[in-house]
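**Q** I'd like to ask some things about the structure below.
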Amino acid sequence: MRFYVPEWDDAVDAHYDFKHDELSSLNRQERELDYIWDIFERDTTPIDGVLISREQVEESKRKSNRLAQHGVYDDPVLSIPDWLPTISDCGAWGYKSLPFPPYGNAEMLEFYETLEVTIGVTIDHLVLGSGKDKGRLYLDERAFGEEFKKSDIPDHISDAVDLMIDEWPDEWPDYIDKYEPTIRNGTVEEIEQFAAEDFQGDLDTILTEFARDSRAVYRENDKEFRYKLTLQNAQEMYDLYESGDYPFRLMVAIQGWTPESYIEATEDVLNIGYDYLGIGGVAGSPIHEVRKIVKGVGKTVKAFEREYETRIDSHVFGFAKTDGFETVGRSGMASFDSASMLRSAWTGGKNYRLDKNDRYDAIRVRYPSYRDGLDMGIEKSLRGREVLVALRAYAAEGSIVDALEDWHQQTEPVLPATLEYLREHRHNDQFDASRLREIESIFRDHFEYGQELQANFSDNLRNKLIKLLRKDDPEDPVDVSEYEDLLETAERVFESFPRMTEILREEAASTSYEEIWTVVRDYAEWIGDDDLLEEYQETLKSRPWEKCDCPVCTENGVEVCIFRGNDRNRRRGFHNTRRFYDEFARELPKTLIVTPATASGNNYSSVEEYLSKKHSDFWRHVHDLPVAEIGMLNAGGVLEWWKATPSTISLGPEEMAANLKKQVGRYQRLYVHTPNGVLEDTVSTAVEDTDCELRCFERAKDLRETVLHDFGEDYSAGSDFLPCPPQIDVDDDLDILVIDQCSGVKEAPESAPVFDINELDGVSRKELLNQKNVPEIAARDLYTGRQQKYIKQAVRRLSSEGYNVTRYFISAGFGLVSENEALPPYEVTFNSMRVNEIRERSARLNIKEDVEKVLSEYDYDLVFFALGSDYYTSIDIDQMVQKIPPNRIGVVFNREIVDEQFDNIVSVPARTEDAKEHSTIVIGLKGRYLQNFARYLNNTGDLTPKKIEQLCRHVEEEPTQVAFEKY
């Protein structure tokens with residue numbers, strides 16, 4: 001499986017000066033730019049490809065012309081390595097507010113060919129839903145002006161239709177005429193402006209008129225139109241592609257709004273003939289929705305693969321969440337893309353990532369704003385410089401006070417030297433230029449303290465001096481006092497520095513951490529980031545930059561954990577991507593499955609045809625395997641299954657070894673099928689020199705079984721690796737775990753003290769139990785609520801019938817406790833807490849981690865989470881159910897959203913109407929369900945999630961009102 005990163009000009013200055021916060025050159029064209037593939041070596045680059053959208057390419061005319069001239073691989077700026085595949089699409093998110101995609105199918109094919117990308121994507125139109133009651137109305141933004149603005153549209157129109165207002169292109173593709181013949185091409189000067197009368201009158205009349213207006217498009221069912229247009233483009237583009245001779249692979253993009261609509265689209269495009277399918281429109285969607293869509297598409301694709309003994313690759317656009325690895329893997333996705341790991345470095349909190357659970361906040365050291373006055377800008381710059389100096393000293397384990405004093409001494413001569421330099425050189429010919437950037441570059445490089453001036457006293461000050469230099473003509477000189485006034489302002493502000501040395505001496509901090517915390521706290525409170533102080537403490541104590549061995553962190557150290565400007569933040573984004581990729585590789589190891597070619601390989605048009613006919617047994621056993629690239633091995637390395645066969649095939653072992661070694665350096669596992677189960681010594685030795693594990697097989701069946709076994713139990717559940725409901729043999733020593741909750745009703749002697757939350761948190765449980773008159777009560781006996789009594793009876797019955805049952809309670813007072821643990825009487829419950837309070841208390845009591853530990857330490861066949869909503873919050877139930885292996889079953893209650901995502905999880909309804917059916921009330925219904933399960937379990941065969949629900953909800957006869965009232 002491959003991970004692609006979108007190309008959004010995410011580059012850093014290769015020679016950025018962190019000490020002075022200066023770019024290597026003020027002219028971007030002169031800078032050497034590093035992209036993520038430049039920072040890392042080939043084998044450690046944390047991406048498998050690059051996604052390049054046309055929308056992004058054409059944002060800059062310079063970039064568009066450059067890529068059109070050179071292509072993405074030979075472009076002197078991007079310079080993508082030839083071993084990284086590229087996908088290019090049209091960028092549907094960028095034109096989602098337009099009534100049509102602004103590109104035609106033939107021109108997109110030409111665009112992909114010009115860019116020389118590996119894969120081109122069909123034109124899709126994002127499905128946005130149905131709009132409001134009256135549908136969706138598109139308006140050309142260019143038709144609004146001073147006389148009638150967008151804000152002037154009457155409310156009765158915007159309330160009834162979903163308004164989509166965007167700047168339309170000067171020229172629409174020809175194919176749009178058949179859908180909307182009223183649309184006309186034209187520049188903004190040629191577009192007639194809207195007037196108030198266009199929006200007056202009866203709504204239906206207005207919409208009817210707009211349906212004939214060249215500046216508007218009105219649709220009652222825009223959702224269906226976008227869906228069908230995407231499929232029509234898929235058919236037309238496929239026909240054009242097949243009739244041409246294009247050097248790239250064609251991927252079809254599908255859209256939808258429900259799993260069912262995506263499945264229907266999948267069936268349509270597979271029947272057209274596509275072998276690479278991209279799921280669009282899911283970026284930003286909740287993970288539970290993505291899971292359902294991906295599973296539905298995956299199952300449809302696998303059914304097609306098996307029916308026709310072919311292989312189909314699938315891609316998920318804009319999705320990369322570690323929680324979704326299991327779903328995208330088992331559903332057979334071949335690739336996905338996302339920039340979220342990169343963007344996370346400068347959006348939101350926890351922006352330095354070690355893994356999905358271990359994240360930190362980078363320390364924000366802010367630049368002055370252009371809105372700041374000169375005094376404030378200089379003070380911000382100086383205060384920020386103090387923090388930077390202190391952070392570097394802390395990272396180097398040196399004296400922060402000494403570092404600040406050294407900084408102050410080095411900075412003292414800057415302002416006097418600046419004035420002296422300006423007096424002497426202000427009329428030099430080198431400053432006789434019209435462009436500020438050119439003057440600033442000369443000043444920065446020619447003046448000894450040019451960089452220190454900006455670093456310590458702000459870019460604001462240096463810019464003002466540069467503007468004076470440009471204005472300062474020997475024939476009409478600027479009064480020197482104007483320079484002096486600016487520098488005197490800086491001198492006045494600088495007089496109060498170094499601030500922190502005195503503060504640190506007064507506080508007499510005993511540790512380096514206490515010193516840096518004083519500096520950071522003082523700055524954060526002054527700059528307005530005091531809400532981040534708790535997060536900063538965690539960062540400074542943990543020193544996470546020392547825990548990562550990626551080149552970004554080893555080269556730049558603490559700078560990566562400082563939130564400040566592109567060249568730090570993007571580098572942190574590269575680091576985040578590396579850490580994400582490491583998790584991706586652990587969860588879904590990069591896997592290559594090959595068989596050596598024979599000399600007759602060039603007699604076939606494609607590798608797939610060659611494998612299916614010449615190595616039919618191999619192909620039959622591997623063509624549908626997930627999370628793997630499959631191909632044939634020749635002297636040039638591995639040719640993937642979808643490629644055309646070369647005109648000649650060479651099998652030279654030396655060349656084969658060298659090329660294969662390059663390729664497998666990016667893989668964790670290589671599985672090879674050969675007639676005798678042995679790979680040529682030269683080739684196998686080359687592979688063994690890498691970190692890639694080599695496995696050779698004589699029988700293709702053994703290869704398949706080993707691959708699935710190595711992927712883990714996620715891929716072994718059921719008859720194949722696709723997500724499917726597990727079946728568990730009831731007679732096979734069933735192991736059951738019940739996670740119950742504490743009850744408000746508790747059994748304790750009347751004379752016993754009852755402890756509140758403050759008393760519980762003040763001393764240990766052991767100390768409480770040692771107090772006078774405090775009884776030790778087993779948890780199963782302490783909790784005597786209706787649910788707990790029923791579950792107690794169910795556990796006894798199951799145990800008496802030979803099943804292994806383990807029961808725990810989640811206690812708001814003591815965390816996770818087993819039913820045998822002794823507890824004192826107490827009165828604490830989650831039911832009275834807000835969500836954030838529940839989470840904070842759960843973290844304090846380590847509840848989530850303890851439940852995860854229980855699930856990991858024993859392989860339970862069946863896990864009941866008999867909890868209410870507040871207690872589900874305490875363990876993050878949506879995440880917790882993912883800890884249950886797919887060949888085991890988890891049971892939750894009233895959590896249909898979880899049920900829909902995972903085939904091994906069942907959500908049993910437990911609401912008022914259900915309680916009435918079972919002659920109880922809601923508070924006891926989960927217990928009643930477990931009683932039913934225990935009562936009827938012996939009468940069933942294999943257990944499935946659906947069968948468990950049936951057992952829980954079994955009703956022998958309709959309850960009478962009398963039976964209900966006794967509860």
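Labels used: A, B, ... for chains in the order of the structure tokens, numbers from 1 for residues in each chain, and numbers from 1 for ligands as shown.
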Which residues, written as a list of chain:residue names, have at least one atom at most 9 Å from A:Arg226, with only C-alpha atoms counted and residues fewer than 6 positions away on the same chain left out?
**A**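 The residues that qualify are A:Pro99, A:Phe100, A:Asp124, A:His125, A:Leu126, A:Val127, A:Leu128, A:Gln255, A:Gly256.
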**Q** Grab the residues selected above and save them as a tab-separated table (two decimals), in the first residue's frame with C-alpha atoms.
**A**
```
chain	number	residue	atom	x	y	z
A	99	PRO	CA	-21.82	24.29	-11.49
A	100	PHE	CA	-19.43	22.21	-13.61
A	124	ASP	CA	-15.11	14.25	-10.88
A	125	HIS	CA	-17.54	16.70	-9.32
A	126	LEU	CA	-17.80	16.65	-5.55
A	127	VAL	CA	-21.23	15.47	-4.38
A	128	LEU	CA	-22.35	18.11	-1.90
A	255	GLN	CA	-18.27	10.20	-5.83
A	256	GLY	CA	-21.30	9.47	-3.69
```
**Q** Would you list the contacts of A:Thr347 as a ChimeraX atom specification, taking every protein, DNA or RNA residue within 12 Å and counting only C-alpha atoms, but skipping same-chain residues closer than 6 positions in sequence?
**A** /A:339-341,361-362,563,569-570,572-573
**Q** Residues within 12 Å of A:Ser24, please, as a PyMOL selection string. Count only C-alpha atoms; anything in the same chain fewer than 6 positions from it doesn't count.
**A** chain A and resi 12-18+30-33+441+444-445+451+567
**Q** List as a PyMOL selection string the protein and nucleic acid residues near A:Arg423, meaning an atom at most 10 Å away when only C-alpha atoms are counted, but skip any in the same chain fewer than 6 places from it.
**A** chain A and resi 417+480+483-484
**Q** List as a PyMOL selection string the protein and nucleic acid residues near stretch 897-900 of chain A, meaning an atom at most 9 Å away when only C-alpha atoms are counted, but skip any in the same chain fewer than 3 places from it.
**A** chain A and resi 288-289+291-292+877-878+881+891-892+894+903-908
**Q** Name the residues in contact with A:Thr518 at a cut-off of 10 Å, using only C-alpha atoms, excluding same-chain residues fewer than 6 positions from it; report them as a list of chain:residue names.
**A** A:Met500, A:Ile503, A:Leu504, A:Glu507, A:Ala509, A:Ser512
